[in-house]
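Undergrad: You'll find data_23.cif just under this line, and it carries mmCIF, C-alpha atoms (C1' of nucleotides).
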```cif
data_work
loop_
_atom_site.label_atom_id
_atom_site.label_comp_id
_atom_site.auth_asym_id
_atom_site.auth_seq_id
_atom_site.Cartn_x
_atom_site.Cartn_y
_atom_site.Cartn_z
CA MET E 1 113.99 -124.03 12.25
CA PRO E 2 116.83 -126.55 11.96
CA PRO E 3 120.18 -125.01 11.07
CA LEU E 4 121.16 -125.08 7.44
CA GLU E 5 123.43 -127.96 6.59
CA ASP E 6 126.33 -127.79 4.18
CA GLU E 7 124.69 -130.19 1.80
CA GLN E 8 121.60 -128.06 1.64
CA LEU E 9 123.65 -124.97 1.02
CA ASP E 10 125.54 -126.74 -1.74
CA ALA E 11 122.24 -127.72 -3.30
CA TRP E 12 121.12 -124.10 -3.13
CA ARG E 13 124.21 -122.86 -4.92
CA ALA E 14 123.81 -125.58 -7.50
CA PHE E 15 120.25 -124.38 -7.96
CA LEU E 16 121.31 -120.80 -8.61
CA ASN E 17 124.03 -121.96 -10.95
CA ALA E 18 121.89 -124.34 -12.91
CA HIS E 19 119.27 -121.68 -13.44
CA ALA E 20 121.77 -119.09 -14.58
CA HIS E 21 123.61 -121.39 -16.96
CA VAL E 22 120.60 -123.10 -18.46
CA THR E 23 118.60 -119.94 -19.08
CA ARG E 24 121.66 -118.29 -20.58
CA ALA E 25 122.29 -121.23 -22.86
CA ILE E 26 118.70 -121.24 -24.06
CA GLY E 27 118.82 -117.48 -24.53
CA ARG E 28 121.87 -117.87 -26.72
CA ASP E 29 120.24 -120.59 -28.77
CA LEU E 30 117.23 -118.39 -29.39
CA ALA E 31 119.34 -115.36 -30.24
CA ALA E 32 121.41 -117.46 -32.63
CA ALA E 33 118.21 -118.40 -34.42
CA GLY E 34 117.24 -114.73 -34.68
CA LEU E 35 114.46 -115.17 -32.15
CA PRO E 36 113.58 -113.10 -29.10
CA ASP E 37 114.35 -114.15 -25.58
CA LEU E 38 112.76 -116.81 -23.43
CA ALA E 39 110.69 -114.14 -21.66
CA TRP E 40 108.80 -113.54 -24.90
CA TYR E 41 107.93 -117.16 -25.15
CA ASP E 42 106.67 -117.14 -21.59
CA LEU E 43 104.47 -114.15 -22.25
CA LEU E 44 103.01 -115.53 -25.47
CA TRP E 45 102.55 -119.01 -24.12
CA THR E 46 100.83 -117.73 -20.99
CA LEU E 47 98.34 -115.92 -23.17
CA TYR E 48 97.98 -118.87 -25.50
CA ARG E 49 96.87 -121.24 -22.81
CA ALA E 50 94.70 -118.67 -21.02
CA PRO E 51 90.92 -119.00 -21.31
CA GLU E 52 89.98 -117.15 -24.50
CA ARG E 53 93.67 -116.35 -24.96
CA ARG E 54 93.45 -113.10 -23.08
CA LEU E 55 94.51 -111.91 -19.65
CA ARG E 56 94.75 -108.58 -17.91
CA VAL E 57 98.16 -106.99 -17.72
CA ASN E 58 98.65 -107.69 -14.03
CA GLU E 59 97.45 -111.24 -14.41
CA VAL E 60 100.10 -111.98 -16.99
CA ALA E 61 102.63 -110.29 -14.77
CA ARG E 62 101.79 -112.62 -11.92
CA GLU E 63 101.91 -115.67 -14.14
CA VAL E 64 105.37 -114.99 -15.48
CA VAL E 65 106.65 -113.47 -12.24
CA LEU E 66 107.36 -109.99 -13.49
CA SER E 67 106.49 -106.76 -11.71
CA PRO E 68 103.46 -104.90 -13.07
CA THR E 69 105.83 -102.12 -14.13
CA ALA E 70 108.02 -104.43 -16.13
CA MET E 71 105.02 -106.10 -17.67
CA SER E 72 103.46 -102.83 -18.68
CA ARG E 73 106.55 -102.00 -20.68
CA PHE E 74 107.04 -105.51 -21.91
CA VAL E 75 103.55 -105.37 -23.37
CA ASP E 76 104.51 -102.06 -25.01
CA ARG E 77 107.34 -103.80 -26.82
CA ALA E 78 105.35 -106.89 -27.65
CA GLU E 79 102.55 -104.74 -28.96
CA ALA E 80 104.98 -102.71 -31.05
CA ALA E 81 106.25 -105.98 -32.45
CA GLY E 82 102.70 -106.90 -33.33
CA VAL E 83 102.47 -110.11 -31.32
CA VAL E 84 99.93 -108.94 -28.75
CA ARG E 85 97.26 -106.29 -28.59
CA ARG E 86 95.75 -104.33 -25.69
CA GLU E 87 91.98 -104.25 -25.60
CA PRO E 88 89.64 -102.62 -23.15
CA ASP E 89 88.16 -104.93 -20.57
CA PRO E 90 84.37 -104.64 -20.81
CA ALA E 91 84.02 -105.58 -17.16
CA ASP E 92 86.41 -102.99 -15.74
CA ARG E 93 87.36 -99.82 -17.51
CA ARG E 94 90.58 -99.45 -15.57
CA ALA E 95 91.85 -102.73 -16.92
CA LEU E 96 93.25 -103.78 -20.26
CA GLN E 97 93.21 -107.25 -21.66
CA VAL E 98 96.25 -108.44 -23.48
CA THR E 99 95.43 -110.73 -26.36
CA LEU E 100 97.54 -112.75 -28.68
CA THR E 101 97.57 -111.78 -32.35
CA ASP E 102 98.00 -114.23 -35.20
CA ALA E 103 101.58 -113.02 -35.53
CA GLY E 104 101.99 -113.88 -31.85
CA VAL E 105 100.82 -117.43 -32.36
CA GLU E 106 103.11 -117.65 -35.35
CA LEU E 107 106.10 -116.45 -33.31
CA LEU E 108 105.25 -118.94 -30.60
CA ARG E 109 105.41 -121.69 -33.22
CA ARG E 110 108.72 -120.51 -34.57
CA MET E 111 110.25 -120.32 -31.12
CA TRP E 112 109.09 -123.63 -29.81
CA PRO E 113 111.48 -125.97 -31.62
CA VAL E 114 114.50 -124.03 -30.43
CA TYR E 115 113.17 -123.63 -26.92
CA GLU E 116 112.14 -127.25 -26.72
CA GLN E 117 115.56 -128.42 -27.74
CA GLY E 118 117.17 -126.26 -25.09
CA ILE E 119 114.91 -127.58 -22.35
CA GLU E 120 115.47 -131.08 -23.58
CA ARG E 121 119.25 -130.89 -23.74
CA HIS E 122 120.06 -128.88 -20.67
CA PHE E 123 117.22 -129.67 -18.35
CA ALA E 124 115.13 -132.71 -19.19
CA ALA E 125 118.07 -134.88 -20.18
CA GLN E 126 119.47 -134.48 -16.67
CA LEU E 127 116.27 -135.30 -14.82
CA ASP E 128 115.83 -138.46 -12.85
CA ARG E 129 113.04 -140.77 -13.80
CA SER E 130 110.51 -138.96 -11.64
CA PRO E 131 110.00 -135.45 -12.92
CA GLN E 132 106.80 -135.27 -10.88
CA ARG E 133 108.68 -135.48 -7.64
CA LEU E 134 111.01 -132.67 -8.65
CA ARG E 135 108.08 -130.67 -9.87
CA ALA E 136 106.24 -131.10 -6.59
CA MET E 137 109.30 -129.97 -4.70
CA LEU E 138 109.79 -126.89 -6.86
CA GLU E 139 106.15 -126.00 -6.53
CA ARG E 140 106.40 -126.18 -2.77
CA MET E 141 109.30 -123.76 -2.96
CA ALA E 142 107.46 -121.29 -5.15
CA GLU E 143 104.44 -121.54 -2.91
CA SER E 144 106.47 -120.97 0.21
CA ALA E 145 108.11 -117.90 -1.28
CA ARG E 146 104.91 -116.54 -2.75
CA ARG E 147 103.20 -116.66 0.61
CA THR E 148 105.59 -114.14 2.07
CA TYR E 149 104.35 -111.33 -0.14
CA MET V 1 116.84 -136.89 -28.67
CA PRO V 2 113.54 -138.16 -27.24
CA PRO V 3 110.65 -135.75 -27.56
CA LEU V 4 109.90 -133.61 -24.56
CA GLU V 5 107.14 -134.99 -22.40
CA ASP V 6 104.50 -132.93 -20.67
CA GLU V 7 105.76 -133.91 -17.26
CA GLN V 8 109.23 -132.73 -18.12
CA LEU V 9 107.89 -129.46 -19.41
CA ASP V 10 105.85 -129.00 -16.26
CA ALA V 11 108.97 -129.59 -14.23
CA TRP V 12 110.79 -126.97 -16.30
CA ARG V 13 108.12 -124.36 -15.68
CA ALA V 14 108.14 -125.21 -12.00
CA PHE V 15 111.89 -124.71 -12.07
CA LEU V 16 111.63 -121.24 -13.58
CA ASN V 17 108.87 -120.32 -11.15
CA ALA V 18 110.60 -121.60 -8.08
CA HIS V 19 113.74 -119.69 -8.96
CA ALA V 20 111.89 -116.45 -9.58
CA HIS V 21 109.77 -116.61 -6.46
CA VAL V 22 112.45 -117.78 -4.09
CA THR V 23 115.09 -115.29 -5.18
CA ARG V 24 112.53 -112.49 -5.02
CA ALA V 25 111.46 -113.48 -1.55
CA ILE V 26 115.04 -113.55 -0.34
CA GLY V 27 115.73 -110.22 -2.03
CA ARG V 28 112.81 -108.71 -0.19
CA ASP V 29 113.98 -110.10 3.13
CA LEU V 30 117.40 -108.59 2.61
CA ALA V 31 116.01 -105.25 1.50
CA ALA V 32 113.71 -105.19 4.52
CA ALA V 33 116.77 -105.63 6.72
CA GLY V 34 118.48 -102.72 4.97
CA LEU V 35 120.95 -105.04 3.29
CA PRO V 36 122.05 -105.24 -0.34
CA ASP V 37 120.85 -107.88 -2.73
CA LEU V 38 121.71 -111.55 -2.95
CA ALA V 39 124.16 -110.79 -5.76
CA TRP V 40 126.34 -108.90 -3.29
CA TYR V 41 126.47 -111.87 -1.02
CA ASP V 42 127.47 -114.07 -3.92
CA LEU V 43 130.27 -111.75 -4.89
CA LEU V 44 131.63 -111.38 -1.37
CA TRP V 45 131.29 -115.02 -0.54
CA THR V 46 133.01 -116.09 -3.74
CA LEU V 47 135.97 -113.93 -2.79
CA TYR V 48 135.86 -115.08 0.81
CA ARG V 49 136.29 -118.71 -0.03
CA ALA V 50 138.83 -118.10 -2.82
CA PRO V 51 142.47 -118.98 -2.18
CA GLU V 52 143.96 -115.91 -0.49
CA ARG V 53 140.57 -114.26 -0.77
CA ARG V 54 141.30 -112.74 -4.12
CA LEU V 55 140.28 -113.44 -7.70
CA ARG V 56 140.61 -111.67 -11.01
CA VAL V 57 137.58 -109.79 -12.24
CA ASN V 58 136.72 -112.30 -14.93
CA GLU V 59 137.20 -115.20 -12.59
CA VAL V 60 134.63 -113.81 -10.18
CA ALA V 61 132.35 -113.15 -13.12
CA ARG V 62 132.51 -116.78 -14.16
CA GLU V 63 131.91 -118.00 -10.62
CA VAL V 64 128.78 -116.01 -10.08
CA VAL V 65 127.62 -116.29 -13.71
CA LEU V 66 127.71 -112.64 -14.62
CA SER V 67 129.04 -111.16 -17.85
CA PRO V 68 132.48 -109.54 -17.57
CA THR V 69 130.84 -106.21 -18.36
CA ALA V 70 128.34 -106.53 -15.55
CA MET V 71 131.04 -107.68 -13.18
CA SER V 72 133.30 -104.79 -14.06
CA ARG V 73 130.59 -102.36 -13.02
CA PHE V 74 129.50 -104.42 -10.08
CA VAL V 75 133.04 -104.24 -8.76
CA ASP V 76 132.89 -100.46 -9.29
CA ARG V 77 129.89 -100.26 -6.98
CA ALA V 78 131.26 -102.71 -4.46
CA GLU V 79 134.54 -100.82 -4.39
CA ALA V 80 132.72 -97.53 -3.94
CA ALA V 81 130.88 -99.14 -1.03
CA GLY V 82 134.25 -100.13 0.41
CA VAL V 83 133.66 -103.88 0.53
CA VAL V 84 136.21 -104.87 -2.11
CA ARG V 85 139.35 -103.39 -3.56
CA ARG V 86 141.02 -103.72 -6.96
CA GLU V 87 144.71 -104.48 -6.88
CA PRO V 88 147.16 -105.00 -9.71
CA ASP V 89 147.94 -108.60 -10.48
CA PRO V 90 151.72 -109.03 -10.20
CA ALA V 91 151.62 -111.89 -12.68
CA ASP V 92 149.70 -110.10 -15.45
CA ARG V 93 149.56 -106.37 -15.84
CA ARG V 94 146.35 -106.49 -17.83
CA ALA V 95 144.57 -108.09 -14.95
CA LEU V 96 143.22 -106.80 -11.69
CA GLN V 97 142.63 -108.82 -8.57
CA VAL V 98 139.55 -108.17 -6.56
CA THR V 99 140.09 -108.58 -2.85
CA LEU V 100 137.75 -108.49 0.09
CA THR V 101 138.16 -105.68 2.60
CA ASP V 102 137.44 -106.00 6.30
CA ALA V 103 134.22 -104.11 5.68
CA GLY V 104 133.40 -106.74 3.06
CA VAL V 105 133.84 -109.57 5.52
CA GLU V 106 131.76 -107.62 7.98
CA LEU V 107 128.95 -107.16 5.46
CA LEU V 108 129.08 -110.84 4.63
CA ARG V 109 128.56 -111.59 8.31
CA ARG V 110 125.65 -109.19 8.59
CA MET V 111 123.97 -110.63 5.52
CA TRP V 112 124.34 -114.27 6.36
CA PRO V 113 121.63 -114.66 9.02
CA VAL V 114 119.01 -113.13 6.76
CA TYR V 115 120.15 -115.02 3.71
CA GLU V 116 120.41 -118.28 5.59
CA GLN V 117 116.90 -117.96 6.88
CA GLY V 118 115.59 -117.35 3.39
CA ILE V 119 117.37 -120.40 1.99
CA GLU V 120 116.17 -122.44 4.90
CA ARG V 121 112.55 -121.42 4.71
CA HIS V 122 111.96 -121.34 1.01
CA PHE V 123 114.44 -123.85 -0.32
CA ALA V 124 115.91 -126.26 2.19
CA ALA V 125 112.66 -126.88 4.01
CA GLN V 126 111.16 -128.22 0.78
CA LEU V 127 114.02 -130.54 -0.11
CA ASP V 128 113.70 -134.29 0.00
CA ARG V 129 115.95 -136.24 2.23
CA SER V 130 118.71 -136.43 -0.39
CA PRO V 131 119.97 -132.98 -1.24
CA GLN V 132 123.01 -134.62 -2.80
CA ARG V 133 120.94 -136.17 -5.49
CA LEU V 134 119.29 -132.89 -6.36
CA ARG V 135 122.62 -131.18 -6.27
CA ALA V 136 124.13 -133.72 -8.64
CA MET V 137 121.26 -133.23 -11.03
CA LEU V 138 121.55 -129.45 -10.95
CA GLU V 139 125.26 -129.66 -11.49
CA ARG V 140 124.75 -131.82 -14.53
CA MET V 141 122.41 -129.17 -15.90
CA ALA V 142 124.86 -126.35 -15.32
CA GLU V 143 127.60 -128.41 -16.85
CA SER V 144 125.56 -129.26 -19.90
CA ALA V 145 124.65 -125.63 -20.45
CA ARG V 146 128.14 -124.36 -19.78
CA ARG V 147 129.58 -126.66 -22.44
CA THR V 148 127.65 -124.91 -25.17
CA TYR V 149 129.60 -121.67 -24.80
"C1'" DC A 1 163.01 -110.07 -32.74
"C1'" DG A 2 158.52 -108.20 -34.50
"C1'" DA A 3 153.91 -108.52 -36.44
"C1'" DA A 4 149.57 -110.60 -35.84
"C1'" DT A 5 146.42 -112.32 -32.75
"C1'" DA A 6 144.35 -113.00 -28.37
"C1'" DT A 7 143.16 -111.67 -23.61
"C1'" DA A 8 141.83 -108.53 -19.39
"C1'" DC A 9 139.25 -105.05 -18.29
"C1'" DA A 10 136.70 -100.49 -19.08
"C1'" DT A 11 133.20 -97.65 -21.31
"C1'" DG A 12 129.50 -95.43 -24.60
"C1'" DC A 13 125.16 -96.56 -25.80
"C1'" DA A 14 120.68 -98.64 -26.09
"C1'" DG A 15 117.59 -101.10 -23.72
"C1'" DA A 16 115.17 -103.11 -19.42
"C1'" DT A 17 114.17 -103.03 -14.38
"C1'" DG A 18 112.14 -101.46 -9.82
"C1'" DC A 19 110.40 -97.81 -6.90
"C1'" DA A 20 107.64 -94.05 -6.16
"C1'" DT A 21 104.14 -91.59 -8.02
"C1'" DC A 22 100.27 -90.30 -11.04
"C1'" DT A 23 95.69 -90.82 -13.30
"C1'" DA A 24 91.47 -93.04 -14.02
"C1'" DG A 25 88.00 -95.92 -12.56
"C1'" DT A 26 85.66 -99.02 -8.63
"C1'" DG A 27 83.10 -100.01 -4.74
"C1'" DC A 28 81.75 -99.54 -0.09
"C1'" DA A 29 79.63 -97.02 3.46
"C1'" DA A 30 77.50 -93.21 5.75
"C1'" DT J 1 74.52 -89.87 -3.52
"C1'" DT J 2 78.73 -88.50 -2.40
"C1'" DG J 3 83.09 -89.15 -0.27
"C1'" DC J 4 87.08 -92.01 0.51
"C1'" DA J 5 89.99 -95.85 0.32
"C1'" DC J 6 91.44 -99.13 -3.10
"C1'" DT J 7 92.90 -101.16 -7.58
"C1'" DA J 8 94.64 -101.22 -12.76
"C1'" DG J 9 97.82 -99.57 -15.30
"C1'" DA J 10 101.34 -95.94 -17.06
"C1'" DT J 11 105.45 -93.12 -16.42
"C1'" DG J 12 109.76 -90.30 -14.55
"C1'" DC J 13 113.89 -91.43 -12.53
"C1'" DA J 14 117.80 -93.86 -11.00
"C1'" DT J 15 120.04 -98.11 -11.71
"C1'" DC J 16 121.70 -102.24 -13.99
"C1'" DT J 17 122.49 -105.05 -18.11
"C1'" DG J 18 124.54 -106.61 -22.65
"C1'" DC J 19 126.78 -105.57 -26.99
"C1'" DA J 20 130.16 -103.48 -29.51
"C1'" DT J 21 134.23 -101.28 -29.08
"C1'" DG J 22 138.54 -99.27 -27.09
"C1'" DT J 23 143.09 -99.51 -24.61
"C1'" DA J 24 146.76 -101.95 -22.70
"C1'" DT J 25 149.26 -106.02 -22.19
"C1'" DA J 26 150.50 -111.04 -23.39
"C1'" DT J 27 151.52 -114.66 -26.48
"C1'" DT J 28 152.50 -117.01 -30.61
"C1'" DC J 29 155.03 -117.87 -34.63
"C1'" DG J 30 157.39 -116.73 -38.92
#
```
Can you dump the structure from the file as structure tokens?
TA:
Amino acid sequence: MPPLEDEQLDAWRAFLNAHAHVTRAIGRDLAAAGLPDLAWYDLLWTLYRAPERRLRVNEVAREVVLSPTAMSRFVDRAEAAGVVRREPDPADRRALQVTLTDAGVELLRRMWPVYEQGIERHFAAQLDRSPQRLRAMLERMAESARRTY
Amino acid sequence: MPPLEDEQLDAWRAFLNAHAHVTRAIGRDLAAAGLPDLAWYDLLWTLYRAPERRLRVNEVAREVVLSPTAMSRFVDRAEAAGVVRREPDPADRRALQVTLTDAGVELLRRMWPVYEQGIERHFAAQLDRSPQRLRAMLERMAESARRTY
DNA sequence: CGAATATACATGCAGATGCATCTAGTGCAA
DNA sequence: TTGCACTAGATGCATCTGCATGTATATTCG
């Protein structure tokens, strides 16, 4: 492996910084609008786009990159808030399917404008003209890191 | 503000994913080597490169994007571990300077090979040929988000 | 100068996380 | 079919976080 160059290291630090600042800024925007955090959007949206709008707990966990433990409790909270529901999985009695409720879809809709504006202002507005290239690069990174599990 | 396009949104999700997976992978590598988390490296390194290797608590917090509360307690732990020390700031008696101990420098040195390899494998190896351009973009993002404080 | 305001850091409290562990249910294999 | 390793998910515990607040010091301005 070639040694790490200063420019690459600088890019890495910029990566960490950009993530921290942008997610914080969006989190603040959501909180200011009386809405839950970004993580809630991720959970709800992941279910929304899933086939039949339902996924098993561990599947959602993988999608949003949360440990099964954290997801189990996250679903507790989301269920208590009425935005998702746990239902038995007919195909496997160990498993539970998490499904989106109407209130969940509704929350998703309320969050989107605020979230969208945050992504737009802090992220998309700074992109070059080829978001695909960036996306491909980021996906290679995630893939590389995921493989080491 | 132009509406958010699908490609931009895809890039955003890839960004969140890449960050989550890569930092987790590096965290695991460090843990497997019996070393503390990435955040420790950030703290120590920030002090290491600071003028005179010392910064006030809130200054370090800003550098590594941690709330002052979190940093206060992080410094507690780091001090208990003997890698940093709190010293009164002669210029302001409210403030405390955090300084690196020899053991801190030593830990930094032990962590670097593992950390470097993680950055190299999961991040740098996936970069295009112009890390500067990516870096500039990421810095614009951080800057944009920071401004909204 | 002295009062009001602002800043640096610490801390009580209420969440939220990961790890190890537990329970229940699956599936393969002898 | 029964026994055993494996998987899905929940939970106790220790740890870490943010918010609101507290204490001490600095600064500003009438």
Undergrad: Evaluate the PyMOL selection byres ((chain V and resi 133-149) around 9) here and jot the selected residues down as a short mmCIF file (atom, residue, chain, number, x, y, z; two decimals) with C-alpha atoms, in the frame of the given file.
TA:
```cif
data_model
loop_
_atom_site.label_atom_id
_atom_site.label_comp_id
_atom_site.auth_asym_id
_atom_site.auth_seq_id
_atom_site.Cartn_x
_atom_site.Cartn_y
_atom_site.Cartn_z
CA GLU E 7 124.69 -130.19 1.80
CA GLN E 8 121.60 -128.06 1.64
CA ASP E 10 125.54 -126.74 -1.74
CA ALA E 11 122.24 -127.72 -3.30
CA TRP E 12 121.12 -124.10 -3.13
CA ARG E 13 124.21 -122.86 -4.92
CA ALA E 14 123.81 -125.58 -7.50
CA PHE E 15 120.25 -124.38 -7.96
CA LEU E 16 121.31 -120.80 -8.61
CA ASN E 17 124.03 -121.96 -10.95
CA ALA E 18 121.89 -124.34 -12.91
CA HIS E 19 119.27 -121.68 -13.44
CA ALA E 20 121.77 -119.09 -14.58
CA HIS E 21 123.61 -121.39 -16.96
CA VAL E 22 120.60 -123.10 -18.46
CA THR E 23 118.60 -119.94 -19.08
CA ARG E 24 121.66 -118.29 -20.58
CA ALA E 25 122.29 -121.23 -22.86
CA ILE E 26 118.70 -121.24 -24.06
CA ARG E 28 121.87 -117.87 -26.72
CA GLY E 118 117.17 -126.26 -25.09
CA ARG E 121 119.25 -130.89 -23.74
CA HIS E 122 120.06 -128.88 -20.67
CA PHE E 123 117.22 -129.67 -18.35
CA ALA E 124 115.13 -132.71 -19.19
CA ALA E 125 118.07 -134.88 -20.18
CA GLN E 126 119.47 -134.48 -16.67
CA LEU E 127 116.27 -135.30 -14.82
CA ASP E 128 115.83 -138.46 -12.85
CA LEU E 134 111.01 -132.67 -8.65
CA LEU V 127 114.02 -130.54 -0.11
CA ASP V 128 113.70 -134.29 0.00
CA SER V 130 118.71 -136.43 -0.39
CA PRO V 131 119.97 -132.98 -1.24
CA GLN V 132 123.01 -134.62 -2.80
#
```
Undergrad: For chain E, list the residues within 8 Å of chain J, counting all atoms listed in the file, and write the list as a count of residues only.
TA: 6
Undergrad: Superimpose chain E on chain V so that the squared distances between all in-order C-alpha pairs are minimised, and send the result as a compact mmCIF listing (two decimals) with C-alpha atoms, in the frame of the given file.
TA:
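What ended up in part-v1.txt:
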```txt
# COMPACT_ATOMS: atom_id res chain seq x y z
CA MET E 1 116.77 -136.87 -28.67
CA PRO E 2 113.50 -138.16 -27.21
CA PRO E 3 110.59 -135.74 -27.53
CA LEU E 4 109.86 -133.59 -24.53
CA GLU E 5 107.11 -134.99 -22.37
CA ASP E 6 104.46 -132.93 -20.63
CA GLU E 7 105.73 -133.88 -17.23
CA GLN E 8 109.19 -132.70 -18.09
CA LEU E 9 107.86 -129.45 -19.41
CA ASP E 10 105.83 -128.97 -16.25
CA ALA E 11 108.95 -129.57 -14.21
CA TRP E 12 110.77 -126.97 -16.29
CA ARG E 13 108.12 -124.34 -15.67
CA ALA E 14 108.12 -125.20 -12.00
CA PHE E 15 111.87 -124.70 -12.07
CA LEU E 16 111.61 -121.23 -13.57
CA ASN E 17 108.86 -120.32 -11.15
CA ALA E 18 110.60 -121.60 -8.08
CA HIS E 19 113.73 -119.69 -8.95
CA ALA E 20 111.89 -116.46 -9.59
CA HIS E 21 109.78 -116.62 -6.45
CA VAL E 22 112.47 -117.79 -4.08
CA THR E 23 115.10 -115.30 -5.19
CA ARG E 24 112.54 -112.51 -5.04
CA ALA E 25 111.48 -113.50 -1.56
CA ILE E 26 115.06 -113.58 -0.34
CA GLY E 27 115.73 -110.25 -2.03
CA ARG E 28 112.82 -108.74 -0.18
CA ASP E 29 113.99 -110.13 3.12
CA LEU E 30 117.42 -108.63 2.60
CA ALA E 31 116.02 -105.28 1.50
CA ALA E 32 113.73 -105.23 4.53
CA ALA E 33 116.78 -105.65 6.73
CA GLY E 34 118.49 -102.74 4.97
CA LEU E 35 120.95 -105.07 3.28
CA PRO E 36 122.04 -105.26 -0.35
CA ASP E 37 120.85 -107.90 -2.74
CA LEU E 38 121.72 -111.56 -2.95
CA ALA E 39 124.17 -110.80 -5.78
CA TRP E 40 126.35 -108.91 -3.30
CA TYR E 41 126.48 -111.88 -1.04
CA ASP E 42 127.49 -114.08 -3.93
CA LEU E 43 130.29 -111.75 -4.91
CA LEU E 44 131.64 -111.39 -1.38
CA TRP E 45 131.30 -115.04 -0.55
CA THR E 46 133.04 -116.08 -3.75
CA LEU E 47 135.98 -113.93 -2.79
CA TYR E 48 135.88 -115.09 0.80
CA ARG E 49 136.31 -118.72 -0.06
CA ALA E 50 138.84 -118.08 -2.84
CA PRO E 51 142.48 -118.96 -2.19
CA GLU E 52 143.98 -115.89 -0.50
CA ARG E 53 140.57 -114.24 -0.79
CA ARG E 54 141.32 -112.69 -4.13
CA LEU E 55 140.31 -113.41 -7.70
CA ARG E 56 140.63 -111.64 -11.01
CA VAL E 57 137.61 -109.76 -12.25
CA ASN E 58 136.76 -112.27 -14.96
CA GLU E 59 137.23 -115.17 -12.61
CA VAL E 60 134.66 -113.80 -10.21
CA ALA E 61 132.39 -113.15 -13.14
CA ARG E 62 132.55 -116.78 -14.17
CA GLU E 63 131.96 -117.99 -10.65
CA VAL E 64 128.80 -115.99 -10.12
CA VAL E 65 127.65 -116.29 -13.73
CA LEU E 66 127.74 -112.65 -14.66
CA SER E 67 129.13 -111.20 -17.87
CA PRO E 68 132.56 -109.56 -17.59
CA THR E 69 130.88 -106.25 -18.39
CA ALA E 70 128.40 -106.56 -15.58
CA MET E 71 131.09 -107.67 -13.20
CA SER E 72 133.34 -104.79 -14.07
CA ARG E 73 130.62 -102.38 -13.06
CA PHE E 74 129.51 -104.44 -10.12
CA VAL E 75 133.04 -104.23 -8.78
CA ASP E 76 132.88 -100.45 -9.31
CA ARG E 77 129.87 -100.28 -7.01
CA ALA E 78 131.24 -102.72 -4.49
CA GLU E 79 134.50 -100.83 -4.42
CA ALA E 80 132.67 -97.54 -3.96
CA ALA E 81 130.86 -99.15 -1.06
CA GLY E 82 134.20 -100.13 0.39
CA VAL E 83 133.64 -103.88 0.51
CA VAL E 84 136.20 -104.88 -2.11
CA ARG E 85 139.33 -103.37 -3.55
CA ARG E 86 141.02 -103.70 -6.96
CA GLU E 87 144.71 -104.45 -6.85
CA PRO E 88 147.17 -104.97 -9.64
CA ASP E 89 147.98 -108.56 -10.42
CA PRO E 90 151.76 -108.97 -10.15
CA ALA E 91 151.68 -111.82 -12.64
CA ASP E 92 149.78 -110.02 -15.40
CA ARG E 93 149.61 -106.29 -15.74
CA ARG E 94 146.41 -106.40 -17.75
CA ALA E 95 144.59 -108.05 -14.89
CA LEU E 96 143.22 -106.77 -11.62
CA GLN E 97 142.65 -108.80 -8.53
CA VAL E 98 139.55 -108.14 -6.55
CA THR E 99 140.08 -108.56 -2.84
CA LEU E 100 137.75 -108.48 0.08
CA THR E 101 138.16 -105.66 2.59
CA ASP E 102 137.42 -105.98 6.29
CA ALA E 103 134.19 -104.09 5.68
CA GLY E 104 133.38 -106.73 3.07
CA VAL E 105 133.84 -109.56 5.53
CA GLU E 106 131.74 -107.62 8.00
CA LEU E 107 128.94 -107.16 5.46
CA LEU E 108 129.09 -110.85 4.63
CA ARG E 109 128.54 -111.59 8.32
CA ARG E 110 125.63 -109.21 8.59
CA MET E 111 123.96 -110.65 5.53
CA TRP E 112 124.33 -114.29 6.34
CA PRO E 113 121.64 -114.69 9.00
CA VAL E 114 119.01 -113.17 6.75
CA TYR E 115 120.16 -115.05 3.69
CA GLU E 116 120.42 -118.30 5.59
CA GLN E 117 116.91 -117.98 6.88
CA GLY E 118 115.60 -117.38 3.39
CA ILE E 119 117.37 -120.42 1.98
CA GLU E 120 116.19 -122.45 4.90
CA ARG E 121 112.54 -121.44 4.70
CA HIS E 122 111.96 -121.35 0.99
CA PHE E 123 114.43 -123.85 -0.33
CA ALA E 124 115.91 -126.26 2.18
CA ALA E 125 112.66 -126.87 4.02
CA GLN E 126 111.15 -128.20 0.80
CA LEU E 127 113.99 -130.54 -0.09
CA ASP E 128 113.65 -134.27 0.05
CA ARG E 129 115.97 -136.18 2.29
CA SER E 130 118.67 -136.43 -0.36
CA PRO E 131 119.96 -132.99 -1.20
CA GLN E 132 122.99 -134.63 -2.81
CA ARG E 133 120.91 -136.20 -5.49
CA LEU E 134 119.27 -132.90 -6.35
CA ARG E 135 122.61 -131.21 -6.27
CA ALA E 136 124.11 -133.74 -8.64
CA MET E 137 121.23 -133.25 -11.02
CA LEU E 138 121.52 -129.47 -10.96
CA GLU E 139 125.23 -129.68 -11.51
CA ARG E 140 124.71 -131.85 -14.55
CA MET E 141 122.38 -129.20 -15.90
CA ALA E 142 124.82 -126.37 -15.34
CA GLU E 143 127.57 -128.42 -16.88
CA SER E 144 125.51 -129.27 -19.91
CA ALA E 145 124.62 -125.63 -20.47
CA ARG E 146 128.12 -124.38 -19.81
CA ARG E 147 129.55 -126.68 -22.43
CA THR E 148 127.63 -124.96 -25.18
CA TYR E 149 129.56 -121.72 -24.83
```
Undergrad: Provide the CA of Val105 in chain E to CA of Asp92 in chain E distance in Å, to one decimal place.
TA: 26.3 Å
Undergrad: Should the cut-off be 12 Å, what would the residue list for chain A against chain V look like, counting all atoms listed in the file, as a PyMOL selection string?
TA: chain A and resi 7-11
Undergrad: Tell me which of V:Leu100, V:Val84, V:Val65, V:Leu44 sits closest to chain E, counting all atoms listed in the file.
TA: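 Ranked by minimum distance to chain E, first place goes to V:Val65.
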